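Student: What follows is input-v9.tsv; its format and atoms are TSV, C-alpha atoms.
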```
chain	number	residue	atom	x	y	z
A	1	MET	CA	169.30	-53.10	71.63
A	2	TRP	CA	165.65	-52.46	70.89
A	3	GLY	CA	165.97	-53.40	67.21
A	4	ALA	CA	166.39	-57.07	68.00
A	5	CYS	CA	163.57	-57.10	70.50
A	6	GLY	CA	161.29	-55.17	68.16
A	7	LYS	CA	161.82	-57.91	65.59
A	8	ALA	CA	161.02	-60.46	68.28
A	9	PHE	CA	157.70	-58.81	68.95
A	10	ARG	CA	156.85	-58.71	65.27
A	11	LEU	CA	157.46	-62.45	65.25
A	12	LYS	CA	154.82	-62.78	68.00
A	13	THR	CA	157.12	-62.98	70.96
A	14	VAL	CA	159.74	-65.02	69.09
A	15	ARG	CA	157.70	-68.17	68.41
A	16	LEU	CA	160.55	-70.49	67.43
A	17	LEU	CA	158.30	-73.55	67.38
A	18	GLY	CA	159.98	-76.78	66.40
A	19	LYS	CA	163.52	-75.46	66.66
A	20	THR	CA	166.17	-77.07	68.82
A	21	GLU	CA	167.71	-75.50	71.87
A	22	ARG	CA	170.90	-75.02	69.85
A	23	SER	CA	169.04	-72.95	67.26
A	24	ARG	CA	167.55	-70.93	70.08
A	25	ALA	CA	171.01	-70.26	71.46
A	26	GLU	CA	172.19	-69.23	67.98
A	27	ALA	CA	169.27	-66.88	67.70
A	28	LEU	CA	170.21	-65.30	70.98
A	29	ARG	CA	173.81	-64.84	69.87
A	30	ARG	CA	172.64	-63.16	66.64
A	31	ARG	CA	170.60	-60.73	68.73
A	32	GLY	CA	173.58	-60.01	70.96
A	33	LYS	CA	174.64	-61.62	74.20
A	34	ASN	CA	173.86	-58.47	76.16
A	35	ASP	CA	170.34	-58.14	74.76
A	36	LYS	CA	168.59	-58.97	78.02
A	37	LEU	CA	165.22	-57.89	76.70
A	38	GLY	CA	165.52	-60.22	73.71
A	39	MET	CA	166.61	-63.00	76.06
A	40	ASN	CA	163.53	-62.47	78.18
A	41	CYS	CA	161.33	-62.59	75.08
A	42	LEU	CA	162.70	-66.02	74.15
A	43	ILE	CA	162.32	-67.32	77.69
A	44	LEU	CA	158.76	-66.04	77.61
A	45	GLN	CA	158.00	-68.19	74.55
A	46	ASP	CA	159.06	-71.34	76.39
A	47	ASN	CA	156.83	-70.54	79.35
A	48	LEU	CA	153.95	-68.72	77.69
A	49	TYR	CA	151.14	-70.36	79.68
A	50	THR	CA	152.81	-70.62	83.06
A	51	LEU	CA	153.03	-68.39	86.08
A	52	HIS	CA	156.75	-68.09	85.28
A	53	ALA	CA	155.79	-66.46	81.98
A	54	GLU	CA	153.52	-64.07	83.81
A	55	SER	CA	156.33	-62.93	86.07
A	56	GLN	CA	158.64	-62.60	83.03
A	57	ILE	CA	156.17	-60.31	81.27
A	58	ALA	CA	155.74	-58.22	84.39
A	59	ALA	CA	159.55	-57.96	84.68
A	60	ILE	CA	159.89	-56.87	81.05
A	61	ILE	CA	157.16	-54.25	81.48
A	62	HIS	CA	158.98	-52.95	84.55
A	63	TYR	CA	162.23	-52.91	82.55
A	64	LEU	CA	160.63	-51.00	79.68
A	65	HIS	CA	159.43	-48.29	82.02
A	66	ARG	CA	163.06	-47.63	83.03
A	67	THR	CA	164.61	-47.60	79.53
A	68	THR	CA	165.42	-44.49	77.52
A	69	MET	CA	164.14	-45.81	74.17
A	70	SER	CA	161.86	-43.61	72.09
A	71	TYR	CA	158.40	-42.89	73.46
A	72	LEU	CA	156.56	-44.52	70.52
A	73	MET	CA	158.63	-47.72	70.72
A	74	LYS	CA	158.05	-47.93	74.44
A	75	ILE	CA	154.29	-47.45	74.08
A	76	ALA	CA	154.08	-50.08	71.31
A	77	ALA	CA	156.03	-52.60	73.37
A	78	LEU	CA	154.04	-51.90	76.52
A	79	ASN	CA	150.73	-52.29	74.69
A	80	THR	CA	151.84	-55.62	73.24
A	81	LEU	CA	153.09	-56.97	76.57
A	82	THR	CA	150.13	-55.66	78.56
A	83	GLY	CA	147.71	-57.36	76.17
A	84	LEU	CA	149.67	-60.60	76.39
A	85	LEU	CA	149.74	-60.40	80.18
A	86	LYS	CA	145.96	-59.84	80.25
A	87	ARG	CA	145.32	-62.86	78.01
A	88	LEU	CA	147.68	-64.97	80.08
A	89	ARG	CA	145.91	-64.09	83.31
A	90	GLN	CA	142.53	-64.74	81.68
A	91	GLN	CA	143.76	-68.18	80.66
A	92	ARG	CA	144.96	-68.86	84.17
A	93	ASN	CA	141.73	-67.64	85.77
A	94	LEU	CA	139.69	-69.71	83.32
A	95	LYS	CA	141.61	-72.82	84.35
A	96	ILE	CA	141.02	-72.00	88.02
A	97	GLU	CA	137.29	-71.43	87.38
A	98	ARG	CA	136.99	-74.71	85.50
A	99	LYS	CA	138.82	-76.53	88.27
A	100	ASN	CA	136.58	-74.95	90.92
A	101	LEU	CA	133.47	-75.73	88.89
A	102	GLN	CA	134.48	-79.36	88.49
A	103	MET	CA	135.07	-79.56	92.24
A	104	LEU	CA	131.63	-78.05	92.94
A	105	LEU	CA	129.93	-80.45	90.52
A	106	THR	CA	131.71	-83.41	92.10
A	107	LEU	CA	130.60	-82.30	95.58
A	108	ASN	CA	127.06	-81.83	94.25
A	109	GLU	CA	127.01	-85.38	92.91
A	110	GLU	CA	128.37	-86.81	96.15
A	111	LYS	CA	125.77	-84.87	98.13
A	112	TYR	CA	122.71	-86.07	96.22
A	113	PHE	CA	123.71	-89.55	95.17
A	114	LYS	CA	124.12	-90.64	98.78
A	115	TYR	CA	120.39	-90.17	99.44
A	116	PRO	CA	118.52	-93.51	99.28
A	117	ARG	CA	115.99	-92.14	96.78
A	118	ILE	CA	118.80	-91.77	94.24
A	119	LYS	CA	121.34	-94.23	95.61
A	120	GLU	CA	118.90	-97.13	95.27
A	121	LEU	CA	118.04	-96.37	91.64
A	122	SER	CA	119.40	-98.61	88.91
A	123	SER	CA	122.82	-97.85	87.44
A	124	ASP	CA	121.21	-96.87	84.15
A	125	LYS	CA	118.85	-94.42	85.85
A	126	LYS	CA	121.67	-92.83	87.86
A	127	LYS	CA	123.72	-92.53	84.70
A	128	GLU	CA	120.75	-90.90	82.96
A	129	ILE	CA	120.43	-88.31	85.75
A	130	LYS	CA	124.14	-87.46	85.54
A	131	ASN	CA	124.00	-87.25	81.75
A	132	ASN	CA	120.99	-84.94	81.93
A	133	LEU	CA	122.94	-82.41	83.99
A	134	ALA	CA	125.96	-82.74	81.69
A	135	ALA	CA	123.70	-82.15	78.67
A	136	LEU	CA	122.25	-79.03	80.29
A	137	ILE	CA	125.73	-77.62	80.93
A	138	ASN	CA	126.85	-78.42	77.38
A	139	GLU	CA	123.75	-76.76	75.93
A	140	ILE	CA	124.51	-73.65	77.97
A	141	SER	CA	128.19	-73.65	76.98
A	142	PHE	CA	127.50	-73.82	73.25
A	143	SER	CA	124.53	-71.44	73.15
A	144	GLN	CA	124.79	-68.01	71.53
A	145	ASN	CA	124.14	-66.34	74.89
A	146	PRO	CA	125.30	-68.66	77.71
A	147	PHE	CA	124.35	-66.16	80.43
A	148	ILE	CA	120.69	-65.96	79.38
A	149	THR	CA	120.52	-69.68	78.57
A	150	LEU	CA	121.80	-70.50	82.05
A	151	ARG	CA	119.18	-68.21	83.59
A	152	GLN	CA	116.48	-69.89	81.46
A	153	LYS	CA	117.50	-73.39	82.54
A	154	ILE	CA	117.66	-72.45	86.22
A	155	ALA	CA	114.25	-70.77	86.03
A	156	SER	CA	112.49	-73.60	84.18
A	157	ILE	CA	113.84	-76.35	86.44
A	158	THR	CA	113.06	-74.28	89.54
A	159	ILE	CA	109.43	-74.05	88.40
A	160	GLU	CA	109.33	-77.83	87.88
A	161	PHE	CA	110.76	-78.31	91.35
A	162	ALA	CA	108.29	-75.87	92.92
A	163	ASP	CA	105.32	-77.58	91.23
A	164	TYR	CA	106.18	-80.86	92.97
A	165	GLN	CA	107.59	-79.46	96.19
A	166	VAL	CA	104.31	-77.82	97.20
A	167	LEU	CA	102.54	-81.18	96.72
A	168	CYS	CA	104.76	-83.14	99.11
A	169	LEU	CA	105.91	-80.47	101.56
A	170	THR	CA	104.74	-81.19	105.12
A	171	GLU	CA	104.25	-78.74	107.98
A	172	SER	CA	107.36	-80.00	109.78
A	173	GLU	CA	109.49	-79.77	106.63
A	174	LYS	CA	108.32	-76.20	106.07
A	175	THR	CA	109.32	-75.32	109.64
A	176	ALA	CA	112.91	-76.30	108.83
A	177	ALA	CA	112.99	-74.43	105.50
A	178	PHE	CA	114.31	-70.91	104.87
A	179	TYR	CA	110.75	-69.83	103.99
A	180	SER	CA	109.27	-71.09	107.29
A	181	ASP	CA	107.73	-67.68	108.05
A	182	CYS	CA	105.90	-67.43	104.72
A	183	ASP	CA	102.12	-67.58	105.10
A	184	PHE	CA	101.60	-68.17	101.37
A	185	ILE	CA	103.24	-71.63	101.44
A	186	SER	CA	101.04	-73.97	103.46
A	187	GLY	CA	102.84	-77.27	103.85
A	188	ASP	CA	99.53	-79.13	103.73
A	189	LEU	CA	98.74	-79.66	100.02
A	190	TYR	CA	99.98	-83.25	100.36
A	191	LYS	CA	96.61	-83.94	102.00
A	192	TYR	CA	94.96	-83.23	98.63
A	193	ILE	CA	97.40	-85.13	96.43
A	194	ASP	CA	94.62	-87.20	94.82
A	195	ARG	CA	92.95	-84.01	93.59
A	196	CYS	CA	96.23	-82.69	92.16
A	197	ILE	CA	97.01	-85.69	89.93
A	198	GLU	CA	95.10	-84.27	86.99
A	199	TYR	CA	97.43	-81.24	86.89
A	200	ARG	CA	100.81	-82.99	87.09
A	201	ASN	CA	101.57	-85.15	84.05
A	202	GLU	CA	104.11	-87.43	85.74
A	203	LEU	CA	101.67	-88.26	88.53
A	204	LYS	CA	98.86	-88.67	86.05
A	205	GLU	CA	100.91	-91.17	84.03
A	206	ILE	CA	101.93	-93.11	87.14
A	207	LYS	CA	98.31	-93.39	88.22
A	208	TRP	CA	97.33	-94.43	84.70
A	209	LYS	CA	99.96	-97.20	84.59
A	210	TYR	CA	99.46	-98.32	88.17
A	211	PRO	CA	95.85	-97.58	89.21
A	212	ASN	CA	96.40	-98.98	92.70
A	213	THR	CA	99.10	-96.47	93.55
A	214	SER	CA	98.33	-95.00	96.97
A	215	ASN	CA	98.43	-91.33	97.95
A	216	ASP	CA	101.48	-91.98	100.13
A	217	GLU	CA	103.26	-93.50	97.14
A	218	LEU	CA	102.36	-90.47	95.00
A	219	ILE	CA	103.78	-88.17	97.68
A	220	SER	CA	106.91	-90.31	97.72
A	221	PHE	CA	107.21	-89.94	93.93
A	222	CYS	CA	106.93	-86.16	94.34
A	223	ASN	CA	109.77	-86.21	96.88
A	224	SER	CA	111.91	-88.22	94.47
A	225	PHE	CA	111.22	-85.79	91.61
A	226	CYS	CA	112.15	-82.90	93.91
A	227	LEU	CA	115.45	-84.46	94.91
A	228	ILE	CA	116.46	-85.00	91.28
A	229	TYR	CA	115.43	-81.45	90.37
A	230	LEU	CA	117.47	-80.13	93.29
A	231	TYR	CA	120.49	-82.03	91.95
A	232	TYR	CA	120.06	-80.23	88.63
A	233	ILE	CA	119.41	-76.86	90.27
A	234	ASP	CA	122.45	-77.02	92.54
A	235	GLY	CA	124.60	-78.14	89.61
A	236	LEU	CA	123.43	-75.20	87.50
A	237	ASN	CA	123.88	-72.85	90.44
A	238	ALA	CA	127.48	-74.06	90.66
A	239	VAL	CA	127.88	-72.99	87.03
A	240	ARG	CA	126.20	-69.68	87.88
A	241	VAL	CA	128.61	-69.04	90.75
A	242	SER	CA	131.61	-69.88	88.55
A	243	THR	CA	130.48	-67.25	86.03
A	244	GLY	CA	130.17	-64.55	88.69
A	245	ASP	CA	126.36	-64.28	88.48
A	246	VAL	CA	126.05	-64.15	92.25
A	247	ASP	CA	125.73	-61.54	94.98
A	248	ASN	CA	127.46	-62.61	98.18
A	249	VAL	CA	125.37	-60.23	100.28
A	250	LYS	CA	121.87	-60.58	98.80
A	251	ASP	CA	121.81	-63.22	96.11
A	252	TRP	CA	118.68	-63.60	93.99
A	253	TYR	CA	118.18	-67.37	93.89
A	254	LYS	CA	116.52	-68.17	97.24
A	255	PRO	CA	114.03	-65.28	97.00
A	256	PHE	CA	113.29	-66.45	93.45
A	257	LEU	CA	112.70	-70.02	94.61
A	258	LYS	CA	110.42	-68.80	97.38
A	259	SER	CA	108.43	-66.73	94.88
A	260	MET	CA	108.01	-69.72	92.57
A	261	LEU	CA	106.78	-71.86	95.49
A	262	ILE	CA	104.18	-69.21	96.30
A	263	TRP	CA	103.13	-69.03	92.66
A	264	SER	CA	102.91	-72.84	92.32
A	265	GLU	CA	100.91	-73.20	95.52
A	266	ASP	CA	98.43	-70.52	94.51
A	267	SER	CA	98.07	-72.02	91.04
A	268	ILE	CA	97.28	-75.56	92.23
A	269	ARG	CA	94.95	-74.31	94.97
A	270	SER	CA	92.97	-72.44	92.33
A	271	LYS	CA	92.76	-75.53	90.12
A	272	ILE	CA	91.54	-77.90	92.85
A	273	GLY	CA	89.13	-75.42	94.41
A	274	LEU	CA	90.98	-74.40	97.57
A	275	PRO	CA	91.01	-70.76	98.69
A	276	SER	CA	94.05	-68.66	97.88
A	277	LEU	CA	96.44	-67.84	100.71
A	278	CYS	CA	97.32	-64.54	99.05
A	279	LYS	CA	95.29	-61.40	99.67
A	280	ASP	CA	94.10	-61.17	96.07
A	281	GLY	CA	95.04	-62.05	92.50
A	282	LEU	CA	97.34	-59.05	92.24
A	283	GLU	CA	99.37	-60.26	95.23
A	284	VAL	CA	100.43	-63.50	93.57
A	285	ILE	CA	101.22	-61.72	90.30
A	286	LYS	CA	103.93	-59.84	92.16
A	287	TYR	CA	105.67	-63.14	92.87
A	288	SER	CA	105.23	-64.52	89.37
A	289	THR	CA	106.90	-61.48	87.80
A	290	PHE	CA	110.16	-62.33	89.58
A	291	MET	CA	110.76	-64.86	86.80
A	292	ASN	CA	110.59	-62.13	84.13
A	293	LEU	CA	113.39	-60.24	85.84
A	294	VAL	CA	115.52	-63.39	86.00
A	295	LEU	CA	114.99	-64.12	82.30
A	296	ASP	CA	115.55	-60.51	81.24
A	297	GLY	CA	119.13	-60.77	82.47
A	298	HIS	CA	119.12	-58.18	85.24
A	299	LYS	CA	122.38	-58.20	87.20
A	300	ASN	CA	120.52	-58.87	90.44
A	301	PRO	CA	116.85	-59.71	89.78
A	302	TYR	CA	116.16	-59.66	93.53
A	303	PHE	CA	117.21	-56.01	93.79
A	304	GLU	CA	115.06	-55.06	90.78
A	305	TRP	CA	112.06	-57.02	92.09
A	306	ASP	CA	112.34	-55.66	95.62
A	307	ASN	CA	112.77	-52.17	94.24
A	308	ILE	CA	109.44	-52.51	92.41
A	309	TYR	CA	107.32	-54.22	95.05
A	310	LYS	CA	109.11	-53.66	98.38
A	311	ILE	CA	108.14	-57.17	99.54
A	312	LYS	CA	109.74	-58.66	102.62
A	313	THR	CA	111.28	-62.05	101.76
```
Here is a file; write its structure as structure tokens.
Tutor:
Amino acid sequence: MWGACGKAFRLKTVRLLGKTERSRAEALRRRGKNDKLGMNCLILQDNLYTLHAESQIAAIIHYLHRTTMSYLMKIAALNTLTGLLKRLRQQRNLKIERKNLQMLLTLNEEKYFKYPRIKELSSDKKKEIKNNLAALINEISFSQNPFITLRQKIASITIEFADYQVLCLTESEKTAAFYSDCDFISGDLYKYIDRCIEYRNELKEIKWKYPNTSNDELISFCNSFCLIYLYYIDGLNAVRVSTGDVDNVKDWYKPFLKSMLIWSEDSIRSKIGLPSLCKDGLEVIKYSTFMNLVLDGHKNPYFEWDNIYKIKT
């Protein structure tokens, strides 16, 4: 009985591609009508990437464990089927992950594109924003190290977001944020927006093109930049979650974002001549080093960072 099935395995699970059902039936008859294992192998070929195939493989493995064939034959067959079952389940899980990721990205788009700041943009501008996120995801997918590339993109865009968020964040908005108890994020730099222009290229260009732009309009531009950056960040975080780079108990992203806000605030305060809110220069360095742990690829950068500095976040 095993001779026929052994041949089937050597033919890569009886890949009778292009043959008619009649030829399949003839093949079965040549292997013997009672060769149930060979029959299962042929059925498996027809359903290779379905859940039915998965159950067939599991059934064959169970059958093999109960047969009295030689030990070496049994081990060879089990290794082949176990490997096939593993690949099949990986394929299935990959499809589920892709489906979940697409759902998350769709929800992300619906969430952000309903806000007037984005909704009222021109069709071309909205298309450009969507394409930018798609380009980021493609760049990550085709990079030599997608994990590190994803971390790099999340980190760089988070820094861009933080640089503008601290310039438009108000006291009331800070009160509603997850970092409301942080003394190192003021929520009042918007009062000095005119002094910050020199250090933010987009604002500098706007003021250069439109000299009569008011401070309120500059703050509004900052809010618009932040919303677009958040769209990118949440999209990339959806990719991050789909790859398993997440800790459901103590994830690293929010503490990282908070650290970058502290770093950005301290940096701009230094540039425009305002006193630091941190105790000393060494204090803010602790927050800036969080980025190094993210980029170095630590499994949970928050754990590593907290283990070094023991900072309450």
Student: Could you check how far CA of Val166 in chain A sits from CA of Thr213 in chain A, in Å to one decimal?
Tutor: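 That distance, rounded to one decimal, is 19.7 Å.
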Student: Rounded to one decimal, what separation in Å do you get between CA of Phe184 in chain A and CA of Met260 in chain A?
Tutor: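 Taking CA of Phe184 in chain A and CA of Met260 in chain A, their separation equals 11.0 Å.
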Student: Give me, please, the distance in Å between CA of Glu217 in chain A and CA of Ile154 in chain A, quoted to one decimal.
Tutor: 27.7 Å
Student: Kindly indicate which residue among A:Tyr231, A:Trp252, A:Trp263, A:Phe221 lies nearest to Leu105 in chain A, using all atoms listed in the file for the distances.
Tutor: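 The shortest atom-to-atom distance to Leu105 in chain A comes from A:Tyr231.
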Student: At a cut-off of 12 Å, using all atoms listed in the file, what residues contact range 285-300 of chain A? Leave out same-chain residues fewer than 5 positions from it and give the result as a ChimeraX atom specification.
Tutor: /A:145-159,184,244-267,278-280,305-313
Student: I'd like to know which of A:Lys125, A:Leu104, A:Leu133, A:Asn215 is closest to Arg195 in chain A, using all atoms listed in the file.
Tutor: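 Nearest candidate to Arg195 in chain A out of A:Lys125, A:Leu104, A:Leu133, A:Asn215: A:Asn215.
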Student: Give me the range 180-242 of chain A side of the contact with range 110-116 of chain A, cut-off 12 Å, one line per residue showing its nearest atom pair and distance in Å at one decimal, counting only C-alpha atoms, sorted by chain and residue number, as CSV.
Tutor:
```
residue,atom,partner,partner_atom,distance
A:Asn223,CA,A:Tyr115,CA,11.6
A:Ser224,CA,A:Pro116,CA,9.7
A:Cys226,CA,A:Tyr112,CA,11.3
A:Leu227,CA,A:Tyr112,CA,7.6
A:Ile228,CA,A:Tyr112,CA,8.0
A:Tyr229,CA,A:Tyr112,CA,10.4
A:Leu230,CA,A:Tyr112,CA,8.4
A:Tyr231,CA,A:Tyr112,CA,6.3
A:Tyr232,CA,A:Tyr112,CA,9.9
A:Ile233,CA,A:Tyr112,CA,11.5
A:Asp234,CA,A:Tyr112,CA,9.8
A:Gly235,CA,A:Tyr112,CA,10.5
```
Student: Which residue gives the smallest distance to Ile137 in chain A among A:Gln102, A:Asn212, A:Ser276, A:Ser186, with only C-alpha atoms counted?
Tutor: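 For Ile137 in chain A, the nearest of the given residues is A:Gln102.
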Student: So, with only C-alpha atoms as the atoms that count, which of A:Cys196, A:Leu218, A:Leu169, A:Ala238 lies closest to Ser270 in chain A?
Tutor: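 Nearest candidate to Ser270 in chain A out of A:Cys196, A:Leu218, A:Leu169, A:Ala238: A:Cys196.
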Student: Let me make sure I understand: among A:Tyr210, A:Glu160, A:Thr106, A:Glu173, which one has the smallest atom-to-atom distance to Phe225 in chain A if we use all atoms listed in the file?
Tutor: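 So, comparing all the options, the nearest one is A:Glu160.
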Student: From the set A:Ser172, A:Ile118, A:Arg240, A:Leu189, which residue has the shortest atom-to-atom contact distance to Ser141 in chain A, counting all atoms listed in the file?
Tutor: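 Closest candidate: A:Arg240.
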Student: For range 198-216 of chain A, what centre and edge lengths in Å (one decimal) does the axis-aligned box get once 6 Å is added on each side of all its listed atoms, as AutoDock Vina command-line options?
Tutor:
```
--center_x 99.6 --center_y -90.1 --center_z 92.1 --size_x 21.0 --size_y 29.7 --size_z 28.1
```
Student: List the neighbours of Thr170 in chain A out to 8 Å using all atoms listed in the file; skip same-chain residues closer than 5 positions along the sequence, and give me the result as a list in words.
Tutor: Gly187, Asp188 and Tyr190 of chain A
Student: Missing atoms in range 124-142 of chain A: fill them in up to N, CA and C atoms and send the result as a PDB file, in the coordinates of the input.
Tutor:
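Output file result00.pdb follows:
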```
ATOM      1  N   ASP A 124     121.598 -97.581  85.372  1.00  0.00           N
ATOM      2  CA  ASP A 124     121.210 -96.870  84.150  1.00  0.00           C
ATOM      3  C   ASP A 124     120.474 -95.576  84.476  1.00  0.00           C
ATOM      4  N   LYS A 125     119.611 -95.613  85.483  1.00  0.00           N
ATOM      5  CA  LYS A 125     118.850 -94.420  85.850  1.00  0.00           C
ATOM      6  C   LYS A 125     119.784 -93.357  86.447  1.00  0.00           C
ATOM      7  N   LYS A 126     120.720 -93.786  87.281  1.00  0.00           N
ATOM      8  CA  LYS A 126     121.670 -92.830  87.860  1.00  0.00           C
ATOM      9  C   LYS A 126     122.542 -92.213  86.766  1.00  0.00           C
ATOM     10  N   LYS A 127     122.929 -93.041  85.811  1.00  0.00           N
ATOM     11  CA  LYS A 127     123.720 -92.530  84.700  1.00  0.00           C
ATOM     12  C   LYS A 127     122.920 -91.522  83.881  1.00  0.00           C
ATOM     13  N   GLU A 128     121.625 -91.811  83.702  1.00  0.00           N
ATOM     14  CA  GLU A 128     120.750 -90.900  82.960  1.00  0.00           C
ATOM     15  C   GLU A 128     120.643 -89.552  83.658  1.00  0.00           C
ATOM     16  N   ILE A 129     120.532 -89.556  84.982  1.00  0.00           N
ATOM     17  CA  ILE A 129     120.430 -88.310  85.750  1.00  0.00           C
ATOM     18  C   ILE A 129     121.711 -87.487  85.601  1.00  0.00           C
ATOM     19  N   LYS A 130     122.857 -88.156  85.710  1.00  0.00           N
ATOM     20  CA  LYS A 130     124.140 -87.460  85.540  1.00  0.00           C
ATOM     21  C   LYS A 130     124.270 -86.885  84.138  1.00  0.00           C
ATOM     22  N   ASN A 131     123.891 -87.689  83.146  1.00  0.00           N
ATOM     23  CA  ASN A 131     124.000 -87.250  81.750  1.00  0.00           C
ATOM     24  C   ASN A 131     123.074 -86.074  81.459  1.00  0.00           C
ATOM     25  N   ASN A 132     121.923 -86.057  82.124  1.00  0.00           N
ATOM     26  CA  ASN A 132     120.990 -84.940  81.930  1.00  0.00           C
ATOM     27  C   ASN A 132     121.618 -83.626  82.365  1.00  0.00           C
ATOM     28  N   LEU A 133     122.284 -83.634  83.515  1.00  0.00           N
ATOM     29  CA  LEU A 133     122.940 -82.410  83.990  1.00  0.00           C
ATOM     30  C   LEU A 133     124.085 -82.031  83.052  1.00  0.00           C
ATOM     31  N   ALA A 134     124.858 -83.013  82.614  1.00  0.00           N
ATOM     32  CA  ALA A 134     125.960 -82.740  81.690  1.00  0.00           C
ATOM     33  C   ALA A 134     125.436 -82.138  80.384  1.00  0.00           C
ATOM     34  N   ALA A 135     124.300 -82.662  79.901  1.00  0.00           N
ATOM     35  CA  ALA A 135     123.700 -82.150  78.670  1.00  0.00           C
ATOM     36  C   ALA A 135     123.240 -80.702  78.845  1.00  0.00           C
ATOM     37  N   LEU A 136     122.683 -80.406  80.013  1.00  0.00           N
ATOM     38  CA  LEU A 136     122.250 -79.030  80.290  1.00  0.00           C
ATOM     39  C   LEU A 136     123.441 -78.069  80.256  1.00  0.00           C
ATOM     40  N   ILE A 137     124.536 -78.473  80.884  1.00  0.00           N
ATOM     41  CA  ILE A 137     125.730 -77.620  80.930  1.00  0.00           C
ATOM     42  C   ILE A 137     126.322 -77.448  79.544  1.00  0.00           C
ATOM     43  N   ASN A 138     126.340 -78.522  78.748  1.00  0.00           N
ATOM     44  CA  ASN A 138     126.850 -78.420  77.380  1.00  0.00           C
ATOM     45  C   ASN A 138     125.981 -77.498  76.542  1.00  0.00           C
ATOM     46  N   GLU A 139     124.669 -77.623  76.687  1.00  0.00           N
ATOM     47  CA  GLU A 139     123.750 -76.760  75.930  1.00  0.00           C
ATOM     48  C   GLU A 139     123.999 -75.291  76.270  1.00  0.00           C
ATOM     49  N   ILE A 140     124.225 -75.024  77.544  1.00  0.00           N
ATOM     50  CA  ILE A 140     124.510 -73.650  77.970  1.00  0.00           C
ATOM     51  C   ILE A 140     125.831 -73.168  77.370  1.00  0.00           C
ATOM     52  N   SER A 141     126.854 -74.018  77.440  1.00  0.00           N
ATOM     53  CA  SER A 141     128.190 -73.650  76.980  1.00  0.00           C
ATOM     54  C   SER A 141     128.221 -73.288  75.495  1.00  0.00           C
ATOM     55  N   PHE A 142     127.446 -74.008  74.689  1.00  0.00           N
ATOM     56  CA  PHE A 142     127.500 -73.820  73.250  1.00  0.00           C
ATOM     57  C   PHE A 142     126.379 -72.931  72.715  1.00  0.00           C
TER      58      PHE A 142
END
```
